[in-house]
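With mmCIF, C-alpha atoms; chains and numbers go by the auth columns inside, this is run-v3.cif:
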data_structure
#
loop_
_atom_site.group_PDB
_atom_site.id
_atom_site.type_symbol
_atom_site.label_atom_id
_atom_site.label_comp_id
_atom_site.label_asym_id
_atom_site.label_seq_id
_atom_site.Cartn_x
_atom_site.Cartn_y
_atom_site.Cartn_z
_atom_site.B_iso_or_equiv
_atom_site.auth_seq_id
_atom_site.auth_asym_id
ATOM 1 C CA MET A 1 -15.512 -48.127 13.459 0.00 1 A
ATOM 2 C CA VAL A 2 -14.289 -50.680 16.023 0.00 2 A
ATOM 3 C CA MET A 3 -10.554 -51.241 16.079 0.00 3 A
ATOM 4 C CA GLU A 4 -9.595 -54.810 15.300 0.00 4 A
ATOM 5 C CA THR A 5 -7.486 -56.511 17.948 0.00 5 A
ATOM 6 C CA LYS A 6 -3.782 -56.187 17.190 0.00 6 A
ATOM 7 C CA ILE A 7 -1.371 -58.912 18.245 0.00 7 A
ATOM 8 C CA ILE A 8 2.317 -58.047 18.538 0.00 8 A
ATOM 9 C CA THR A 9 4.431 -61.177 18.852 0.00 9 A
ATOM 10 C CA VAL A 10 7.817 -60.661 20.506 0.00 10 A
ATOM 11 C CA GLN A 11 10.380 -63.445 20.200 0.00 11 A
ATOM 12 C CA ALA A 12 11.812 -63.238 23.698 0.00 12 A
ATOM 13 C CA GLY A 13 14.398 -65.983 23.912 0.00 13 A
ATOM 14 C CA VAL A 14 13.237 -69.575 23.587 0.00 14 A
ATOM 15 C CA GLY A 15 9.560 -68.650 23.520 0.00 15 A
ATOM 16 C CA ALA A 16 7.418 -65.763 22.384 0.00 16 A
ATOM 17 C CA ALA A 17 5.383 -63.226 24.305 0.00 17 A
ATOM 18 C CA HIS A 18 2.202 -61.743 22.870 0.00 18 A
ATOM 19 C CA LEU A 19 1.159 -58.124 23.313 0.00 19 A
ATOM 20 C CA VAL A 20 -2.576 -57.956 22.675 0.00 20 A
ATOM 21 C CA VAL A 21 -3.911 -54.488 21.874 0.00 21 A
ATOM 22 C CA THR A 22 -7.630 -53.706 21.801 0.00 22 A
ATOM 23 C CA LYS A 23 -9.399 -50.380 21.208 0.00 23 A
ATOM 24 C CA ASP A 24 -8.550 -48.898 24.600 0.00 24 A
ATOM 25 C CA ARG A 25 -6.595 -51.570 26.486 0.00 25 A
ATOM 26 C CA TYR A 26 -3.595 -53.804 26.069 0.00 26 A
ATOM 27 C CA PHE A 27 -2.205 -56.747 27.984 0.00 27 A
ATOM 28 C CA LEU A 28 0.704 -59.178 27.852 0.00 28 A
ATOM 29 C CA VAL A 29 0.672 -62.968 27.549 0.00 29 A
ATOM 30 C CA ASP A 30 3.927 -64.485 28.902 0.00 30 A
ATOM 31 C CA THR A 31 7.236 -62.702 29.442 0.00 31 A
ATOM 32 C CA GLY A 32 9.872 -64.755 27.615 0.00 32 A
ATOM 33 C CA SER A 33 13.190 -66.046 28.896 0.00 33 A
ATOM 34 C CA PRO A 34 15.320 -64.409 31.606 0.00 34 A
ATOM 35 C CA GLY A 35 16.992 -61.236 30.360 0.00 35 A
ATOM 36 C CA LYS A 36 14.401 -60.583 27.633 0.00 36 A
ATOM 37 C CA GLY A 37 12.171 -58.235 29.618 0.00 37 A
ATOM 38 C CA LYS A 38 13.848 -55.162 28.116 0.00 38 A
ATOM 39 C CA LYS A 39 13.093 -56.421 24.609 0.00 39 A
ATOM 40 C CA ILE A 40 9.402 -56.732 25.487 0.00 40 A
ATOM 41 C CA LEU A 41 9.422 -53.296 27.110 0.00 41 A
ATOM 42 C CA LYS A 42 10.957 -51.854 23.934 0.00 42 A
ATOM 43 C CA ALA A 43 8.204 -53.502 21.867 0.00 43 A
ATOM 44 C CA ILE A 44 5.655 -51.801 24.127 0.00 44 A
ATOM 45 C CA THR A 45 7.123 -48.320 23.776 0.00 45 A
ATOM 46 C CA SER A 46 8.006 -48.605 20.081 0.00 46 A
ATOM 47 C CA GLY A 47 4.399 -49.625 19.464 0.00 47 A
ATOM 48 C CA GLY A 48 3.262 -46.275 20.859 0.00 48 A
ATOM 49 C CA LEU A 49 2.024 -47.799 24.108 0.00 49 A
ATOM 50 C CA LYS A 50 2.720 -46.539 27.619 0.00 50 A
ATOM 51 C CA PRO A 51 4.185 -49.127 30.011 0.00 51 A
ATOM 52 C CA GLU A 52 2.058 -47.817 32.893 0.00 52 A
ATOM 53 C CA ASP A 53 -1.097 -48.536 30.859 0.00 53 A
ATOM 54 C CA LEU A 54 -0.454 -52.282 30.675 0.00 54 A
ATOM 55 C CA SER A 55 -3.664 -53.845 32.014 0.00 55 A
ATOM 56 C CA PHE A 56 -2.109 -57.079 33.293 0.00 56 A
ATOM 57 C CA ILE A 57 0.507 -59.761 32.658 0.00 57 A
ATOM 58 C CA PHE A 58 -0.899 -63.263 32.191 0.00 58 A
ATOM 59 C CA LEU A 59 1.475 -66.219 32.466 0.00 59 A
ATOM 60 C CA THR A 60 0.217 -69.342 30.712 0.00 60 A
ATOM 61 C CA HIS A 61 2.494 -71.267 33.098 0.00 61 A
ATOM 62 C CA THR A 62 5.759 -70.650 34.941 0.00 62 A
ATOM 63 C CA HIS A 63 8.525 -72.381 33.006 0.00 63 A
ATOM 64 C CA TYR A 64 11.583 -70.139 32.707 0.00 64 A
ATOM 65 C CA ASP A 65 10.917 -69.266 29.053 0.00 65 A
ATOM 66 C CA HIS A 66 7.498 -67.849 29.981 0.00 66 A
ATOM 67 C CA SER A 67 8.215 -66.265 33.367 0.00 67 A
ATOM 68 C CA GLY A 68 11.772 -65.067 32.807 0.00 68 A
ATOM 69 C CA GLY A 69 10.833 -61.409 32.387 0.00 69 A
ATOM 70 C CA ALA A 70 7.896 -61.322 34.804 0.00 70 A
ATOM 71 C CA ALA A 71 9.667 -59.666 37.754 0.00 71 A
ATOM 72 C CA PHE A 72 11.340 -57.064 35.537 0.00 72 A
ATOM 73 C CA LEU A 73 8.152 -56.178 33.677 0.00 73 A
ATOM 74 C CA LYS A 74 6.091 -55.976 36.859 0.00 74 A
ATOM 75 C CA LYS A 75 8.565 -53.416 38.199 0.00 75 A
ATOM 76 C CA ALA A 76 8.729 -51.543 34.890 0.00 76 A
ATOM 77 C CA THR A 77 4.978 -51.302 34.305 0.00 77 A
ATOM 78 C CA GLY A 78 3.276 -51.764 37.657 0.00 78 A
ATOM 79 C CA ALA A 79 0.978 -54.343 36.027 0.00 79 A
ATOM 80 C CA LYS A 80 -0.441 -57.197 38.083 0.00 80 A
ATOM 81 C CA ILE A 81 0.587 -60.765 37.298 0.00 81 A
ATOM 82 C CA ILE A 82 -2.069 -63.451 36.796 0.00 82 A
ATOM 83 C CA VAL A 83 -1.380 -67.197 37.173 0.00 83 A
ATOM 84 C CA GLN A 84 -3.368 -70.334 37.907 0.00 84 A
ATOM 85 C CA ALA A 85 -3.175 -71.522 41.520 0.00 85 A
ATOM 86 C CA SER A 86 -0.875 -74.490 40.797 0.00 86 A
ATOM 87 C CA GLU A 87 1.756 -72.110 39.405 0.00 87 A
ATOM 88 C CA ALA A 88 1.782 -69.517 42.214 0.00 88 A
ATOM 89 C CA ASP A 89 4.442 -71.103 44.430 0.00 89 A
ATOM 90 C CA LYS A 90 6.636 -71.889 41.437 0.00 90 A
ATOM 91 C CA LEU A 91 6.562 -68.264 40.320 0.00 91 A
ATOM 92 C CA ALA A 92 7.394 -67.102 43.841 0.00 92 A
ATOM 93 C CA SER A 93 10.332 -69.539 44.033 0.00 93 A
ATOM 94 C CA GLY A 94 11.797 -68.751 40.613 0.00 94 A
ATOM 95 C CA TYR A 95 11.892 -72.364 39.441 0.00 95 A
ATOM 96 C CA SER A 96 9.262 -74.709 38.010 0.00 96 A
ATOM 97 C CA GLY A 97 11.253 -77.751 36.905 0.00 97 A
ATOM 98 C CA THR A 98 11.655 -79.712 33.682 0.00 98 A
ATOM 99 C CA PRO A 99 8.537 -81.207 32.056 0.00 99 A
ATOM 100 C CA ASP A 100 8.226 -84.790 30.809 0.00 100 A
ATOM 101 C CA GLY A 101 8.755 -85.608 27.132 0.00 101 A
ATOM 102 C CA THR A 102 5.933 -86.837 24.892 0.00 102 A
ATOM 103 C CA ASN A 103 8.108 -88.838 22.464 0.00 103 A
ATOM 104 C CA PRO A 104 11.394 -90.793 22.734 0.00 104 A
ATOM 105 C CA LEU A 105 13.634 -87.870 21.703 0.00 105 A
ATOM 106 C CA PHE A 106 12.152 -85.421 24.174 0.00 106 A
ATOM 107 C CA ARG A 107 11.897 -88.014 26.937 0.00 107 A
ATOM 108 C CA GLY A 108 15.683 -88.242 26.655 0.00 108 A
ATOM 109 C CA ILE A 109 16.036 -84.468 26.768 0.00 109 A
ATOM 110 C CA SER A 110 13.719 -84.350 29.765 0.00 110 A
ATOM 111 C CA PHE A 111 15.745 -87.037 31.569 0.00 111 A
ATOM 112 C CA LEU A 112 18.956 -85.060 31.112 0.00 112 A
ATOM 113 C CA GLY A 113 17.266 -81.828 32.156 0.00 113 A
ATOM 114 C CA LYS A 114 16.057 -83.378 35.400 0.00 114 A
ATOM 115 C CA LYS A 115 19.352 -85.117 36.152 0.00 115 A
ATOM 116 C CA PHE A 116 21.522 -82.071 35.516 0.00 116 A
ATOM 117 C CA LYS A 117 19.595 -79.056 36.801 0.00 117 A
ATOM 118 C CA THR A 118 20.924 -76.041 34.929 0.00 118 A
ATOM 119 C CA PRO A 119 20.874 -72.340 35.869 0.00 119 A
ATOM 120 C CA PHE A 120 19.115 -71.651 32.559 0.00 120 A
ATOM 121 C CA HIS A 121 15.856 -72.910 34.061 0.00 121 A
ATOM 122 C CA VAL A 122 15.996 -70.454 36.961 0.00 122 A
ATOM 123 C CA PHE A 123 14.352 -67.027 36.767 0.00 123 A
ATOM 124 C CA GLU A 124 13.917 -64.036 39.069 0.00 124 A
ATOM 125 C CA PRO A 125 11.159 -64.917 41.543 0.00 125 A
ATOM 126 C CA VAL A 126 8.132 -62.687 41.861 0.00 126 A
ATOM 127 C CA ALA A 127 4.878 -62.956 43.792 0.00 127 A
ATOM 128 C CA PRO A 128 1.707 -63.277 41.695 0.00 128 A
ATOM 129 C CA ASP A 129 -1.023 -60.696 42.252 0.00 129 A
ATOM 130 C CA ILE A 130 -4.073 -62.577 40.965 0.00 130 A
ATOM 131 C CA VAL A 131 -4.455 -66.330 41.421 0.00 131 A
ATOM 132 C CA PHE A 132 -7.425 -68.266 40.051 0.00 132 A
ATOM 133 C CA GLU A 133 -8.604 -71.877 40.034 0.00 133 A
ATOM 134 C CA GLU A 134 -10.698 -72.797 36.963 0.00 134 A
ATOM 135 C CA LYS A 135 -11.802 -69.591 35.237 0.00 135 A
ATOM 136 C CA LEU A 136 -11.128 -65.887 35.499 0.00 136 A
ATOM 137 C CA GLU A 137 -13.348 -63.319 33.776 0.00 137 A
ATOM 138 C CA LEU A 138 -11.455 -60.288 32.477 0.00 138 A
ATOM 139 C CA LYS A 139 -14.261 -57.723 32.364 0.00 139 A
ATOM 140 C CA ASP A 140 -12.905 -56.041 35.486 0.00 140 A
ATOM 141 C CA TYR A 141 -9.760 -55.306 33.466 0.00 141 A
ATOM 142 C CA GLY A 142 -11.628 -53.860 30.501 0.00 142 A
ATOM 143 C CA ILE A 143 -11.164 -56.981 28.371 0.00 143 A
ATOM 144 C CA ASP A 144 -14.029 -58.958 26.849 0.00 144 A
ATOM 145 C CA GLY A 145 -12.570 -62.393 27.469 0.00 145 A
ATOM 146 C CA TYR A 146 -11.545 -64.892 30.119 0.00 146 A
ATOM 147 C CA ILE A 147 -8.762 -67.200 31.249 0.00 147 A
ATOM 148 C CA LEU A 148 -9.416 -70.931 31.416 0.00 148 A
ATOM 149 C CA HIS A 149 -7.464 -73.627 33.275 0.00 149 A
ATOM 150 C CA THR A 150 -6.179 -76.029 30.580 0.00 150 A
ATOM 151 C CA PRO A 151 -3.781 -78.415 32.342 0.00 151 A
ATOM 152 C CA GLY A 152 -1.559 -80.924 30.627 0.00 152 A
ATOM 153 C CA HIS A 153 1.727 -79.314 29.748 0.00 153 A
ATOM 154 C CA THR A 154 1.892 -78.435 33.448 0.00 154 A
ATOM 155 C CA SER A 155 -0.719 -78.819 36.167 0.00 155 A
ATOM 156 C CA GLY A 156 -1.454 -75.097 36.079 0.00 156 A
ATOM 157 C CA SER A 157 -1.233 -74.419 32.343 0.00 157 A
ATOM 158 C CA SER A 158 -3.982 -72.037 31.253 0.00 158 A
ATOM 159 C CA SER A 159 -5.269 -70.293 28.137 0.00 159 A
ATOM 160 C CA LEU A 160 -6.654 -66.835 27.521 0.00 160 A
ATOM 161 C CA ILE A 161 -9.697 -66.698 25.246 0.00 161 A
ATOM 162 C CA MET A 162 -10.799 -63.461 23.626 0.00 162 A
ATOM 163 C CA GLY A 163 -13.330 -63.557 20.804 0.00 163 A
ATOM 164 C CA ASN A 164 -12.221 -66.122 18.225 0.00 164 A
ATOM 165 C CA LYS A 165 -8.620 -66.221 19.489 0.00 165 A
ATOM 166 C CA ALA A 166 -6.967 -68.326 22.181 0.00 166 A
ATOM 167 C CA PHE A 167 -3.485 -67.852 23.623 0.00 167 A
ATOM 168 C CA VAL A 168 -2.457 -71.316 24.745 0.00 168 A
ATOM 169 C CA GLY A 169 1.181 -71.155 25.856 0.00 169 A
ATOM 170 C CA ASP A 170 2.741 -74.616 25.536 0.00 170 A
ATOM 171 C CA ASP A 171 -0.511 -76.591 25.492 0.00 171 A
ATOM 172 C CA MET A 172 -0.048 -76.410 21.720 0.00 172 A
ATOM 173 C CA PHE A 173 3.046 -76.151 19.567 0.00 173 A
ATOM 174 C CA HIS A 174 3.887 -75.253 15.974 0.00 174 A
ATOM 175 C CA VAL A 175 7.571 -75.511 15.124 0.00 175 A
ATOM 176 C CA GLY A 176 8.650 -77.456 12.049 0.00 176 A
ATOM 177 C CA ILE A 177 7.054 -80.896 12.017 0.00 177 A
ATOM 178 C CA TYR A 178 5.932 -80.559 15.635 0.00 178 A
ATOM 179 C CA LYS A 179 2.325 -79.488 16.133 0.00 179 A
ATOM 180 C CA TYR A 180 1.819 -81.482 19.318 0.00 180 A
ATOM 181 C CA PRO A 181 3.772 -80.398 22.417 0.00 181 A
ATOM 182 C CA PRO A 182 7.095 -82.230 22.750 0.00 182 A
ATOM 183 C CA PHE A 183 6.811 -81.798 26.524 0.00 183 A
ATOM 184 C CA ALA A 184 3.819 -82.438 28.805 0.00 184 A
ATOM 185 C CA ASN A 185 3.538 -83.714 32.369 0.00 185 A
ATOM 186 C CA ASP A 186 0.073 -85.209 31.861 0.00 186 A
ATOM 187 C CA GLU A 187 -0.956 -86.164 28.329 0.00 187 A
ATOM 188 C CA VAL A 188 -4.377 -87.409 29.405 0.00 188 A
ATOM 189 C CA SER A 189 -5.175 -83.985 30.831 0.00 189 A
ATOM 190 C CA LEU A 190 -3.575 -82.302 27.832 0.00 190 A
ATOM 191 C CA LEU A 191 -5.903 -84.043 25.375 0.00 191 A
ATOM 192 C CA LYS A 192 -8.890 -83.197 27.574 0.00 192 A
ATOM 193 C CA SER A 193 -7.796 -79.573 27.479 0.00 193 A
ATOM 194 C CA TRP A 194 -7.541 -79.743 23.682 0.00 194 A
ATOM 195 C CA GLU A 195 -11.117 -81.063 23.614 0.00 195 A
ATOM 196 C CA LYS A 196 -12.230 -78.207 25.825 0.00 196 A
ATOM 197 C CA LEU A 197 -10.515 -75.625 23.615 0.00 197 A
ATOM 198 C CA LEU A 198 -11.724 -77.165 20.360 0.00 198 A
ATOM 199 C CA HIS A 199 -15.333 -76.923 21.478 0.00 199 A
ATOM 200 C CA LEU A 200 -15.046 -73.188 22.012 0.00 200 A
ATOM 201 C CA GLU A 201 -15.858 -70.673 19.273 0.00 201 A
ATOM 202 C CA VAL A 202 -12.166 -70.162 18.568 0.00 202 A
ATOM 203 C CA ASP A 203 -10.715 -70.030 15.051 0.00 203 A
ATOM 204 C CA THR A 204 -7.047 -69.400 15.807 0.00 204 A
ATOM 205 C CA PHE A 205 -4.748 -70.689 18.535 0.00 205 A
ATOM 206 C CA TYR A 206 -1.563 -68.811 19.445 0.00 206 A
ATOM 207 C CA PRO A 207 1.147 -71.017 20.979 0.00 207 A
ATOM 208 C CA ALA A 208 4.289 -69.609 22.579 0.00 208 A
ATOM 209 C CA HIS A 209 6.478 -71.612 20.207 0.00 209 A
ATOM 210 C CA GLY A 210 5.865 -71.182 16.502 0.00 210 A
ATOM 211 C CA LYS A 211 3.123 -69.854 14.277 0.00 211 A
ATOM 212 C CA PRO A 212 -0.608 -69.649 15.022 0.00 212 A
ATOM 213 C CA LEU A 213 -2.688 -72.764 14.370 0.00 213 A
ATOM 214 C CA GLY A 214 -6.086 -72.879 12.689 0.00 214 A
ATOM 215 C CA LYS A 215 -8.860 -74.926 14.246 0.00 215 A
ATOM 216 C CA SER A 216 -8.998 -77.511 11.438 0.00 216 A
ATOM 217 C CA LYS A 217 -5.284 -78.282 11.862 0.00 217 A
ATOM 218 C CA VAL A 218 -5.686 -78.631 15.635 0.00 218 A
ATOM 219 C CA TRP A 219 -8.585 -81.067 15.137 0.00 219 A
ATOM 220 C CA GLU A 220 -6.457 -83.068 12.706 0.00 220 A
ATOM 221 C CA VAL A 221 -3.548 -83.335 15.142 0.00 221 A
ATOM 222 C CA TYR A 222 -5.851 -84.093 18.068 0.00 222 A
ATOM 223 C CA GLU A 223 -7.543 -86.995 16.259 0.00 223 A
ATOM 224 C CA LYS A 224 -4.220 -88.408 15.087 0.00 224 A
ATOM 225 C CA VAL A 225 -2.695 -88.306 18.579 0.00 225 A
ATOM 226 C CA LYS A 226 -5.812 -89.722 20.218 0.00 226 A
ATOM 227 C CA ARG A 227 -5.908 -92.686 17.808 0.00 227 A
ATOM 228 C CA LYS A 228 -2.256 -93.374 18.522 0.00 228 A
ATOM 229 C CA LYS A 229 -2.790 -93.262 22.296 0.00 229 A
ATOM 230 C CA GLU A 230 -5.765 -95.640 22.071 0.00 230 A
ATOM 231 C CA ARG A 231 -3.827 -98.404 20.304 0.00 231 A
#

Conversion result in structure tokens:
Amino acid sequence: MVMETKIITVQAGVGAAHLVVTKDRYFLVDTGSPGKGKKILKAITSGGLKPEDLSFIFLTHTHYDHSGGAAFLKKATGAKIIVQASEADKLASGYSGTPDGTNPLFRGISFLGKKFKTPFHVFEPVAPDIVFEEKLELKDYGIDGYILHTPGHTSGSSSLIMGNKAFVGDDMFHVGIYKYPPFANDEVSLLKSWEKLLHLEVDTFYPAHGKPLGKSKVWEVYEKVKRKKER
């Protein structure tokens, strides 16, 4: 009997990290906000997993609420960190800036965030181990899946696809009434990335903020947003 993939979601500050456990491997998607690395490490050990067995750490992008625990967890587990090429220097510097808003409310929040740079957006810098451009196959790491460049939220935003599941970071969102990202640097690219993801054989999308989204709901939101942008 083949073990079904187990997903352990850890609320690690502003965003969530996902521990993905297969039959004989496990890996981590995102590392939460600064100071939350210990919480993720505890989730690993309390789940009966050994930190040294962590296959890799994949960062969907390098905003502080996704990369905050990366340096700590790399030291604690020895796992290699994977990012898209556009994110490498940001990870190494410990700062990746404030994204643009996609509606009036969040444009205002973005404006304030850029004008008054806060220490909350800074994280411990760490050098990435594996940098890719458009696609990275994961077979070398014992995982039947791949990572795909899906820009929009940031220029280097990427998604991990495994079977009928996709871990999409902030390219999608599902908190309250918001199912479209409130922040994105390039909405044209974001919608193209949604198209790319929607045409894959994926049933469920796992964002870093909020609950998983089914494909039908993502199509519905995509069509609504696209109609609005075309007016």

To test your reading of the syntax: which residues would the PyMOL selection byres ((chain A and resi 10) around 8) return for the file shown? Reply as an MDAnalysis selection string. chainID A and resid 8:9 11:12 16:19 39:40 43

So which one's closest to Leu138 of chain A, A:Leu160, A:Lys228, A:Glu124, A:Thr45? Using only C-alpha atoms, please.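 The shortest atom-to-atom distance to Leu138 of chain A comes from A:Leu160.
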
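Between atom CA of Lys196 of chain A and atom CA of Arg25 of chain A the separation is 27.2 Å.
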
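Matched in the shown structure by the PyMOL selection byres ((chain A and resi 168) around 9): Thr60, Thr150, Ser157, Ser158, Ser159, Leu160, Ile161, Ala166, Phe167, Gly169, Asp170, Asp171, Met172, Phe173, Phe205, Tyr206, Pro207 and Ala208 of chain A.
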
Per residue of segment 3-114 of chain A within 9 Å of segment 130-136 of chain A, record the nearest atom pair and its distance in Å to one decimal, counting only C-alpha atoms, with rows in chain order and ascending residue number, as JSON lines.
{"residue": "A:Lys80", "atom": "CA", "partner": "A:Ile130", "partner_atom": "CA", "distance": 7.1}
{"residue": "A:Ile81", "atom": "CA", "partner": "A:Ile130", "partner_atom": "CA", "distance": 6.2}
{"residue": "A:Ile82", "atom": "CA", "partner": "A:Ile130", "partner_atom": "CA", "distance": 4.7}
{"residue": "A:Val83", "atom": "CA", "partner": "A:Val131", "partner_atom": "CA", "distance": 5.3}
{"residue": "A:Gln84", "atom": "CA", "partner": "A:Phe132", "partner_atom": "CA", "distance": 5.0}
{"residue": "A:Ala85", "atom": "CA", "partner": "A:Val131", "partner_atom": "CA", "distance": 5.3}
{"residue": "A:Ser86", "atom": "CA", "partner": "A:Glu133", "partner_atom": "CA", "distance": 8.2}
{"residue": "A:Glu87", "atom": "CA", "partner": "A:Val131", "partner_atom": "CA", "distance": 8.7}
{"residue": "A:Ala88", "atom": "CA", "partner": "A:Val131", "partner_atom": "CA", "distance": 7.0}

State, in Å with one decimal place, the distance from atom CA of Lys211 of chain A to atom CA of Met162 of chain A.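 According to the coordinates, atom CA of Lys211 of chain A and atom CA of Met162 of chain A are separated by 17.9 Å.
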
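As for atom CA of His63 of chain A and atom CA of Gly97 of chain A, they are spaced 7.2 Å apart.
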
What does the PyMOL selection byres ((chain A and resi 151) around 10) select in this file, as a PDB file with C-alpha atoms, in the coordinates of the input?
ATOM      1  CA  HIS A  61       2.494 -71.267  33.098  1.00  0.00           C
ATOM      2  CA  GLN A  84      -3.368 -70.334  37.907  1.00  0.00           C
ATOM      3  CA  SER A  86      -0.875 -74.490  40.797  1.00  0.00           C
ATOM      4  CA  LEU A 148      -9.416 -70.931  31.416  1.00  0.00           C
ATOM      5  CA  HIS A 149      -7.464 -73.627  33.275  1.00  0.00           C
ATOM      6  CA  THR A 150      -6.179 -76.029  30.580  1.00  0.00           C
ATOM      7  CA  GLY A 152      -1.559 -80.924  30.627  1.00  0.00           C
ATOM      8  CA  HIS A 153       1.727 -79.314  29.748  1.00  0.00           C
ATOM      9  CA  THR A 154       1.892 -78.435  33.448  1.00  0.00           C
ATOM     10  CA  SER A 155      -0.719 -78.819  36.167  1.00  0.00           C
ATOM     11  CA  GLY A 156      -1.454 -75.097  36.079  1.00  0.00           C
ATOM     12  CA  SER A 157      -1.233 -74.419  32.343  1.00  0.00           C
ATOM     13  CA  SER A 158      -3.982 -72.037  31.253  1.00  0.00           C
ATOM     14  CA  SER A 159      -5.269 -70.293  28.137  1.00  0.00           C
ATOM     15  CA  ASP A 171      -0.511 -76.591  25.492  1.00  0.00           C
ATOM     16  CA  ALA A 184       3.819 -82.438  28.805  1.00  0.00           C
ATOM     17  CA  ASN A 185       3.538 -83.714  32.369  1.00  0.00           C
ATOM     18  CA  ASP A 186       0.073 -85.209  31.861  1.00  0.00           C
ATOM     19  CA  GLU A 187      -0.956 -86.164  28.329  1.00  0.00           C
ATOM     20  CA  VAL A 188      -4.377 -87.409  29.405  1.00  0.00           C
ATOM     21  CA  SER A 189      -5.175 -83.985  30.831  1.00  0.00           C
ATOM     22  CA  LEU A 190      -3.575 -82.302  27.832  1.00  0.00           C
ATOM     23  CA  LEU A 191      -5.903 -84.043  25.375  1.00  0.00           C
ATOM     24  CA  LYS A 192      -8.890 -83.197  27.574  1.00  0.00           C
ATOM     25  CA  SER A 193      -7.796 -79.573  27.479  1.00  0.00           C
ATOM     26  CA  TRP A 194      -7.541 -79.743  23.682  1.00  0.00           C
TER      27      TRP A 194
END

Hey, which of A:Gly210, A:Gly37, A:Gly163, A:Ser93 ends up closest to Gly176 of chain A? Count only C-alpha atoms.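 For Gly176 of chain A, the nearest of the candidates is A:Gly210.
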
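Nearest residue to Pro51 of chain A, choosing from A:Val175, A:Ala71, A:Val14, A:Leu28 and counting only C-alpha atoms: A:Leu28.
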
At a cut-off of 9 Å, using all atoms listed in the file, what residues contact Thr204 of chain A? Leave out same-chain residues fewer than 5 positions from it and give the result as a ChimeraX atom specification. /A:164-167,212-215

Could you check which of A:Leu91, A:Lys36, A:Asp144, A:His66 is closest to Thr22 of chain A, using only C-alpha atoms?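 Ranking A:Leu91, A:Lys36, A:Asp144, A:His66 by distance to Thr22 of chain A, first place goes to A:Asp144.
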
Point (12.5, -66.3, 45.8) neighbourhood (12 Å, only C-alpha atoms) written as a compact mmCIF listing (two decimals) with C-alpha atoms, in the coordinates of the input:
# COMPACT_ATOMS: atom_id res chain seq x y z
CA ALA A 71 9.67 -59.67 37.75
CA ALA A 88 1.78 -69.52 42.21
CA ASP A 89 4.44 -71.10 44.43
CA LYS A 90 6.64 -71.89 41.44
CA LEU A 91 6.56 -68.26 40.32
CA ALA A 92 7.39 -67.10 43.84
CA SER A 93 10.33 -69.54 44.03
CA GLY A 94 11.80 -68.75 40.61
CA TYR A 95 11.89 -72.36 39.44
CA SER A 96 9.26 -74.71 38.01
CA VAL A 122 16.00 -70.45 36.96
CA PHE A 123 14.35 -67.03 36.77
CA GLU A 124 13.92 -64.04 39.07
CA PRO A 125 11.16 -64.92 41.54
CA VAL A 126 8.13 -62.69 41.86
CA ALA A 127 4.88 -62.96 43.79
CA PRO A 128 1.71 -63.28 41.70

Spatial sel., origin (-7.2, -45.6, 23.7), limit 12 Å, all atoms listed in the file, listed as an MDAnalysis selection string: chainID A and resid 2:3 21:26 48:50 53:54 142

Take the residues that were just selected and, keeping C-alpha atoms, output them as a tab-separated table (two decimals), keeping the file's coordinate frame.
chain	number	residue	atom	x	y	z
A	2	VAL	CA	-14.29	-50.68	16.02
A	3	MET	CA	-10.55	-51.24	16.08
A	21	VAL	CA	-3.91	-54.49	21.87
A	22	THR	CA	-7.63	-53.71	21.80
A	23	LYS	CA	-9.40	-50.38	21.21
A	24	ASP	CA	-8.55	-48.90	24.60
A	25	ARG	CA	-6.60	-51.57	26.49
A	26	TYR	CA	-3.60	-53.80	26.07
A	48	GLY	CA	3.26	-46.28	20.86
A	49	LEU	CA	2.02	-47.80	24.11
A	50	LYS	CA	2.72	-46.54	27.62
A	53	ASP	CA	-1.10	-48.54	30.86
A	54	LEU	CA	-0.45	-52.28	30.68
A	142	GLY	CA	-11.63	-53.86	30.50
